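Just below is one structure, and these are the notes that go with it.
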Amino acid sequence: MQAIEIATPGGPEALVPTTRPVPVPGPGHILIAIDHAGVNRPDALQRAGAYDPPPGASDLPGLEAAGTVAAIGPGVSRWAVGDAVCALLPGGGYAEYAVTPADHALPIPKGLSMAQAAALCETFFTVWTNVFDRAGLKAGERFLVHGGTSGIGTTAIQLARARGARVFATAGSEEKVATCRDLGAEALNYREADFVPWMQGEGGADVILDMVGGDYLPRNLKALAEDGRLVQIAFLQGPKVAVNFAPLMVRRLTITGSTLRPQSDLAKARIAARLRAEVWPLLDAGTIAPVMDQTFPLAEAAAAHARMEAGDHIGKITLKVR
């Protein structure tokens, strides 16, 4: 099969075409003939040598894809050869075929293209487990997401709105602010104004979803309401900063966070089951949908990474494999 591998850790140019054997699905796994694959920041971290695949996973990048089931391993009864699926992958998505646990695949929602379906799993799994499972966002609460036009941000805005929260977002240009507002969020250009007094003036955020880190951490704590919850899912500005934790106790704040890839197969299967019950009906009905940026041919994966890292994209970037 044709695939994209990481020749040596580095920049986007480290992604190079290669040929690999087609993987064979083991017990409880399926083989997917990939039509489109999603591009995500963890792929760039892996490319740079900062995010190793878990034991037993493919060394090829790619954590989500959509396509058809090409083969099933022993013990799989949920799927049949020929079924159209989108799936969370342990790795290997930048290729014509990839294997994944059968319980990590979901049906393609009604009306969505393969490209749109390939843009679902990594962001929806991440947003669901962090915003709703870990932070417990409820209807009527105030929710702030930084990077509102990223794949995570556009997903979080839509899901939080659909579940009755009042949503706020930060973004870095007027075009991006307008996109956040079109999705239903109250939005602020962080290059022109400080989000801390903005949120304080609204009573504070009950939940904040942050992928920036760095000096955003103490500012996020100031922007939280009493009993507020900060969820950290990445550190684009670094993981270390000086923080006064006294307000954490006085105002009963909570800091939590997670990464998706290292979690157990069972944990990911449970997230998939919750998504199928709680979120897939919204996708089927067209209430929410992935926001799409640009699709690149598989051979141009390096260009896709360059676009993602430039920060100009709005929504999800995908690779067309077939």
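Chain labels run A, B, ... following the order of the structure tokens; each chain numbers its residues from 1, and ligands are numbered from 1 in the order shown.
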Q. Can you tell me, as a ChimeraX atom specification, what residues are no more than 6 Å from range 71-75 of chain A when counting only C-alpha atoms, ignoring any on the same chain fewer than 5 positions away?
A. /A:25-31,81
Q | DSSP alpha helix (DSSP H) residues within range 70-312 of chain A, listed as a ChimeraX atom specification | A | /A:114-118,121-127,151-162,174-182,195-200,216-223,246-250,265-278,280-285,301-310
Please identify every residue of range 15-119 of chain A that has at least one atom no farther than 7 Å from an atom of range 275-293 of chain A, counting only C-alpha atoms, and for each give the shortest atom pair and the distance in Å to one decimal, arranged by chain then increasing number, as a tab-separated table.
residue	atom	partner	partner_atom	distance
A:Pro109	CA	A:Asp284	CA	5.0
A:Lys110	CA	A:Asp284	CA	4.8
A:Gln116	CA	A:Pro290	CA	6.3
A:Ala119	CA	A:Pro290	CA	6.7
Go ahead and save the picked residues with N, CA, C and O atoms, as a short mmCIF file (atom, residue, chain, number, x, y, z; two decimals), in the first residue's frame.
data_model
loop_
_atom_site.label_atom_id
_atom_site.label_comp_id
_atom_site.auth_asym_id
_atom_site.auth_seq_id
_atom_site.Cartn_x
_atom_site.Cartn_y
_atom_site.Cartn_z
N PRO A 109 -22.19 9.44 9.59
CA PRO A 109 -23.49 10.10 9.75
C PRO A 109 -24.14 10.41 8.41
O PRO A 109 -23.47 10.61 7.39
N LYS A 110 -25.46 10.46 8.43
CA LYS A 110 -26.22 10.69 7.21
C LYS A 110 -25.82 12.02 6.56
O LYS A 110 -25.69 13.04 7.22
N GLN A 116 -15.68 14.72 5.20
CA GLN A 116 -16.26 15.22 6.45
C GLN A 116 -16.19 14.15 7.55
O GLN A 116 -15.89 14.45 8.71
N ALA A 119 -13.02 13.81 9.39
CA ALA A 119 -12.69 14.94 10.27
C ALA A 119 -13.39 14.86 11.62
O ALA A 119 -13.29 15.79 12.42
#
Q: Within range 155-276 of chain A, find each residue whose DSSP state, derived from the backbone, is strand (DSSP E or B), and express the selection as a PyMOL selection string.
A: chain A and resi 166-171+186-189+205-210+224-232+254-257
Q: Using only C-alpha atoms, determine which residues lie at most 8 Å from Ala156 in chain A, disregarding the query and same-chain residues fewer than 3 positions distant; provide the list as number ranges by chain.
A: A: 127, 131, 145, 152-153, 159-160
Q.
Quick one: residues within 10 Å of range 246-258 of chain A, only C-alpha atoms, excluding same-chain residues fewer than 5 positions away - as a ChimeraX atom specification?
A. /A:126,129-131,134-135,206-211,217,221-222,224-234,263
Residue subset to file, keeping N, CA, C and O atoms, as an mmCIF file, in the first residue's frame:
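See selection_28.cif below for the written result:
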data_model
loop_
_atom_site.group_PDB
_atom_site.id
_atom_site.type_symbol
_atom_site.label_atom_id
_atom_site.label_comp_id
_atom_site.auth_asym_id
_atom_site.auth_seq_id
_atom_site.Cartn_x
_atom_site.Cartn_y
_atom_site.Cartn_z
ATOM 1 N N THR A 126 -12.117 13.846 21.659
ATOM 2 C CA THR A 126 -11.398 14.726 22.574
ATOM 3 C C THR A 126 -12.336 15.694 23.280
ATOM 4 O O THR A 126 -12.269 15.866 24.510
ATOM 5 N N THR A 129 -14.860 13.754 25.836
ATOM 6 C CA THR A 129 -14.290 13.247 27.083
ATOM 7 C C THR A 129 -13.812 14.367 27.999
ATOM 8 O O THR A 129 -13.919 14.270 29.219
ATOM 9 N N ASN A 130 -13.325 15.472 27.426
ATOM 10 C CA ASN A 130 -12.803 16.543 28.262
ATOM 11 C C ASN A 130 -13.866 17.520 28.736
ATOM 12 O O ASN A 130 -13.912 17.884 29.911
ATOM 13 N N VAL A 131 -14.722 17.959 27.832
ATOM 14 C CA VAL A 131 -15.699 18.998 28.187
ATOM 15 C C VAL A 131 -16.886 18.418 28.957
ATOM 16 O O VAL A 131 -17.351 19.033 29.931
ATOM 17 N N ARG A 134 -15.115 14.937 31.793
ATOM 18 C CA ARG A 134 -14.201 15.394 32.837
ATOM 19 C C ARG A 134 -14.662 16.701 33.484
ATOM 20 O O ARG A 134 -14.632 16.842 34.695
ATOM 21 N N ALA A 135 -15.084 17.681 32.672
ATOM 22 C CA ALA A 135 -15.471 18.991 33.227
ATOM 23 C C ALA A 135 -16.948 19.072 33.560
ATOM 24 O O ALA A 135 -17.369 19.982 34.273
ATOM 25 N N ASP A 206 -17.768 28.931 33.605
ATOM 26 C CA ASP A 206 -17.906 27.718 34.416
ATOM 27 C C ASP A 206 -16.920 26.647 33.947
ATOM 28 O O ASP A 206 -16.409 25.873 34.753
ATOM 29 N N VAL A 207 -16.682 26.617 32.637
ATOM 30 C CA VAL A 207 -15.717 25.662 32.067
ATOM 31 C C VAL A 207 -14.896 26.394 31.009
ATOM 32 O O VAL A 207 -15.441 27.149 30.199
ATOM 33 N N ILE A 208 -13.577 26.165 31.021
ATOM 34 C CA ILE A 208 -12.693 26.666 29.973
ATOM 35 C C ILE A 208 -11.963 25.477 29.359
ATOM 36 O O ILE A 208 -11.416 24.639 30.078
ATOM 37 N N LEU A 209 -11.954 25.414 28.031
ATOM 38 C CA LEU A 209 -11.175 24.415 27.301
ATOM 39 C C LEU A 209 -9.989 25.126 26.667
ATOM 40 O O LEU A 209 -10.166 26.027 25.844
ATOM 41 N N ASP A 210 -8.779 24.732 27.064
ATOM 42 C CA ASP A 210 -7.590 25.451 26.624
ATOM 43 C C ASP A 210 -6.551 24.515 26.032
ATOM 44 O O ASP A 210 -6.309 23.428 26.553
ATOM 45 N N MET A 211 -5.959 24.942 24.920
ATOM 46 C CA MET A 211 -4.860 24.202 24.310
ATOM 47 C C MET A 211 -3.621 25.072 24.166
ATOM 48 O O MET A 211 -2.654 24.676 23.539
ATOM 49 N N LEU A 217 -2.503 29.926 31.522
ATOM 50 C CA LEU A 217 -2.956 29.186 32.694
ATOM 51 C C LEU A 217 -3.371 30.101 33.840
ATOM 52 O O LEU A 217 -4.518 30.012 34.317
ATOM 53 N N LEU A 221 -7.399 30.932 35.157
ATOM 54 C CA LEU A 221 -7.890 30.821 36.532
ATOM 55 C C LEU A 221 -8.627 32.096 36.948
ATOM 56 O O LEU A 221 -9.661 32.036 37.624
ATOM 57 N N LYS A 222 -8.110 33.242 36.512
ATOM 58 C CA LYS A 222 -8.784 34.505 36.824
ATOM 59 C C LYS A 222 -10.121 34.625 36.091
ATOM 60 O O LYS A 222 -11.055 35.281 36.578
ATOM 61 N N LEU A 224 -12.201 32.191 35.422
ATOM 62 C CA LEU A 224 -13.202 31.213 35.849
ATOM 63 C C LEU A 224 -14.153 31.800 36.884
ATOM 64 O O LEU A 224 -13.780 32.643 37.703
ATOM 65 N N ALA A 225 -15.379 31.324 36.863
ATOM 66 C CA ALA A 225 -16.339 31.612 37.927
ATOM 67 C C ALA A 225 -16.004 30.745 39.135
ATOM 68 O O ALA A 225 -15.199 29.819 39.056
ATOM 69 N N GLU A 226 -16.616 31.031 40.263
ATOM 70 C CA GLU A 226 -16.443 30.151 41.423
ATOM 71 C C GLU A 226 -16.926 28.747 41.061
ATOM 72 O O GLU A 226 -17.913 28.577 40.341
ATOM 73 N N ASP A 227 -16.189 27.754 41.559
ATOM 74 C CA ASP A 227 -16.445 26.343 41.232
ATOM 75 C C ASP A 227 -16.186 26.046 39.751
ATOM 76 O O ASP A 227 -16.659 25.026 39.223
ATOM 77 N N GLY A 228 -15.427 26.917 39.071
ATOM 78 C CA GLY A 228 -15.143 26.717 37.658
ATOM 79 C C GLY A 228 -14.134 25.602 37.418
ATOM 80 O O GLY A 228 -13.359 25.225 38.304
ATOM 81 N N ARG A 229 -14.152 25.097 36.186
ATOM 82 C CA ARG A 229 -13.284 23.978 35.819
ATOM 83 C C ARG A 229 -12.468 24.347 34.582
ATOM 84 O O ARG A 229 -13.046 24.749 33.560
ATOM 85 N N LEU A 230 -11.168 24.205 34.682
ATOM 86 C CA LEU A 230 -10.260 24.433 33.555
ATOM 87 C C LEU A 230 -9.806 23.089 33.024
ATOM 88 O O LEU A 230 -9.298 22.256 33.775
ATOM 89 N N VAL A 231 -9.983 22.883 31.706
ATOM 90 C CA VAL A 231 -9.572 21.635 31.075
ATOM 91 C C VAL A 231 -8.426 21.936 30.112
ATOM 92 O O VAL A 231 -8.596 22.693 29.160
ATOM 93 N N GLN A 232 -7.272 21.327 30.352
ATOM 94 C CA GLN A 232 -6.078 21.565 29.556
ATOM 95 C C GLN A 232 -5.845 20.365 28.636
ATOM 96 O O GLN A 232 -5.746 19.227 29.093
ATOM 97 N N ILE A 233 -5.778 20.611 27.313
ATOM 98 C CA ILE A 233 -5.601 19.491 26.384
ATOM 99 C C ILE A 233 -4.349 19.630 25.519
ATOM 100 O O ILE A 233 -4.031 18.709 24.751
ATOM 101 N N ALA A 234 -3.640 20.745 25.619
ATOM 102 C CA ALA A 234 -2.400 20.927 24.873
ATOM 103 C C ALA A 234 -1.668 22.125 25.447
ATOM 104 O O ALA A 234 -2.208 22.868 26.288
ATOM 105 N N GLN A 263 -4.834 6.538 26.157
ATOM 106 C CA GLN A 263 -5.879 5.878 26.932
ATOM 107 C C GLN A 263 -6.107 4.454 26.426
ATOM 108 O O GLN A 263 -5.806 4.106 25.293
#
Using only C-alpha atoms, find each residue in range 116-187 of chain A having at least one atom no more than 12 Å away from range 96-108 of chain A; report its shortest atom-to-atom pair and that distance in Å (one decimal), rows by chain then rising number, as JSON lines.
{"residue": "A:Gln116", "atom": "CA", "partner": "A:Ile108", "partner_atom": "CA", "distance": 9.1}
{"residue": "A:Ala117", "atom": "CA", "partner": "A:Ile108", "partner_atom": "CA", "distance": 6.0}
{"residue": "A:Ala118", "atom": "CA", "partner": "A:Ile108", "partner_atom": "CA", "distance": 9.0}
{"residue": "A:Ala119", "atom": "CA", "partner": "A:Ile108", "partner_atom": "CA", "distance": 11.0}
{"residue": "A:Leu120", "atom": "CA", "partner": "A:Ile108", "partner_atom": "CA", "distance": 9.4}
{"residue": "A:Cys121", "atom": "CA", "partner": "A:Leu106", "partner_atom": "CA", "distance": 8.7}
{"residue": "A:Glu122", "atom": "CA", "partner": "A:His104", "partner_atom": "CA", "distance": 10.8}
{"residue": "A:Phe124", "atom": "CA", "partner": "A:Leu106", "partner_atom": "CA", "distance": 11.7}
{"residue": "A:Phe125", "atom": "CA", "partner": "A:His104", "partner_atom": "CA", "distance": 10.0}
Pick out the residues sitting within 7 Å of Val167 in chain A, and hand them over as a compact mmCIF listing (two decimals) with N, CA and C atoms, in the first residue's frame; count only C-alpha atoms, and ignore anything fewer than 5 positions along from it in its own chain.
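For reference, result.txt as written:
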# COMPACT_ATOMS: atom_id res chain seq x y z
N ARG A 142 -21.68 28.74 31.46
CA ARG A 142 -20.87 29.54 30.53
C ARG A 142 -19.60 28.75 30.20
N PHE A 143 -19.35 28.61 28.91
CA PHE A 143 -18.24 27.79 28.41
C PHE A 143 -17.36 28.62 27.50
N LEU A 144 -16.06 28.68 27.81
CA LEU A 144 -15.10 29.40 26.99
C LEU A 144 -14.14 28.41 26.34
N ILE A 157 -17.59 24.39 20.18
CA ILE A 157 -18.65 25.40 20.12
C ILE A 157 -19.98 24.76 19.78
N ALA A 160 -21.29 22.25 22.61
CA ALA A 160 -21.73 22.97 23.81
C ALA A 160 -23.03 23.72 23.56
N ARG A 161 -23.15 24.36 22.40
CA ARG A 161 -24.39 25.04 22.06
C ARG A 161 -25.55 24.06 21.96
N ALA A 185 -21.22 31.18 18.95
CA ALA A 185 -20.47 31.64 20.11
C ALA A 185 -20.40 33.16 20.16
N GLU A 186 -20.25 33.70 21.36
CA GLU A 186 -19.86 35.08 21.54
C GLU A 186 -18.34 35.09 21.47
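Among the candidates A:Thr295, A:Gln200, A:Gln2, A:Thr154, the residue lying nearest to Pro21 in chain A is A:Gln2 (atoms considered: only C-alpha atoms).
Residues in contact with range 299-312 of chain A at up to 9 Å, not including ones fewer than 5 positions away on its chain and judged by only C-alpha atoms, are Ala3, Ile4, Gly11, Pro12, Glu13, Ala14, Leu15, Val16, Pro17, Val39, Asn40, Arg41, Asp43, Ala44, Tyr94, Ser150, Gln294, Ile317, Thr318, Leu319, Lys320 and Val321 of chain A.
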Write out the residues from the selection above, keeping C-alpha atoms, as a PDB file, in the first residue's frame.
ATOM      1  CA  ALA A   3       1.658   5.522   2.783  1.00  0.00           C
ATOM      2  CA  ILE A   4       3.369   8.559   4.272  1.00  0.00           C
ATOM      3  CA  GLY A  11       9.445  19.792  10.004  1.00  0.00           C
ATOM      4  CA  PRO A  12       6.751  19.050   7.416  1.00  0.00           C
ATOM      5  CA  GLU A  13       9.421  17.960   4.946  1.00  0.00           C
ATOM      6  CA  ALA A  14       9.996  14.912   7.181  1.00  0.00           C
ATOM      7  CA  LEU A  15       6.787  13.412   5.750  1.00  0.00           C
ATOM      8  CA  VAL A  16       7.719  11.325   2.718  1.00  0.00           C
ATOM      9  CA  PRO A  17       5.894   8.773   0.534  1.00  0.00           C
ATOM     10  CA  VAL A  39      -4.828  15.864   9.942  1.00  0.00           C
ATOM     11  CA  ASN A  40      -4.334  16.862  13.577  1.00  0.00           C
ATOM     12  CA  ARG A  41      -1.763  18.600  15.760  1.00  0.00           C
ATOM     13  CA  ASP A  43       0.396  14.194  14.018  1.00  0.00           C
ATOM     14  CA  ALA A  44       2.733  17.201  13.889  1.00  0.00           C
ATOM     15  CA  TYR A  94      -1.694   8.364   6.414  1.00  0.00           C
ATOM     16  CA  SER A 150      -9.498  25.068  15.214  1.00  0.00           C
ATOM     17  CA  GLN A 294      -8.899  22.188   2.903  1.00  0.00           C
ATOM     18  CA  ILE A 317      -7.720  19.655   7.195  1.00  0.00           C
ATOM     19  CA  THR A 318      -7.943  16.237   5.540  1.00  0.00           C
ATOM     20  CA  LEU A 319      -5.953  14.046   3.160  1.00  0.00           C
ATOM     21  CA  LYS A 320      -7.572  12.369   0.158  1.00  0.00           C
ATOM     22  CA  VAL A 321      -6.181   8.855   0.034  1.00  0.00           C
TER      23      VAL A 321
END
Q | Distance query Lys138 in chain A at most 8 Å, only C-alpha atoms, self and fewer than 4 positions along chain excluded, as a count of residues only | A | 4
Write out as JSON lines the residues of range 253-297 of chain A that have any atom within 10 Å of an atom of range 89-93 of chain A, one row each with the nearest atom pair and its distance in Å to one decimal, counting only C-alpha atoms, sorted by chain and then rising number.
{"residue": "A:Leu260", "atom": "CA", "partner": "A:Pro90", "partner_atom": "CA", "distance": 9.8}
{"residue": "A:Arg261", "atom": "CA", "partner": "A:Pro90", "partner_atom": "CA", "distance": 6.6}
{"residue": "A:Pro262", "atom": "CA", "partner": "A:Pro90", "partner_atom": "CA", "distance": 8.8}
{"residue": "A:Asp265", "atom": "CA", "partner": "A:Pro90", "partner_atom": "CA", "distance": 9.2}
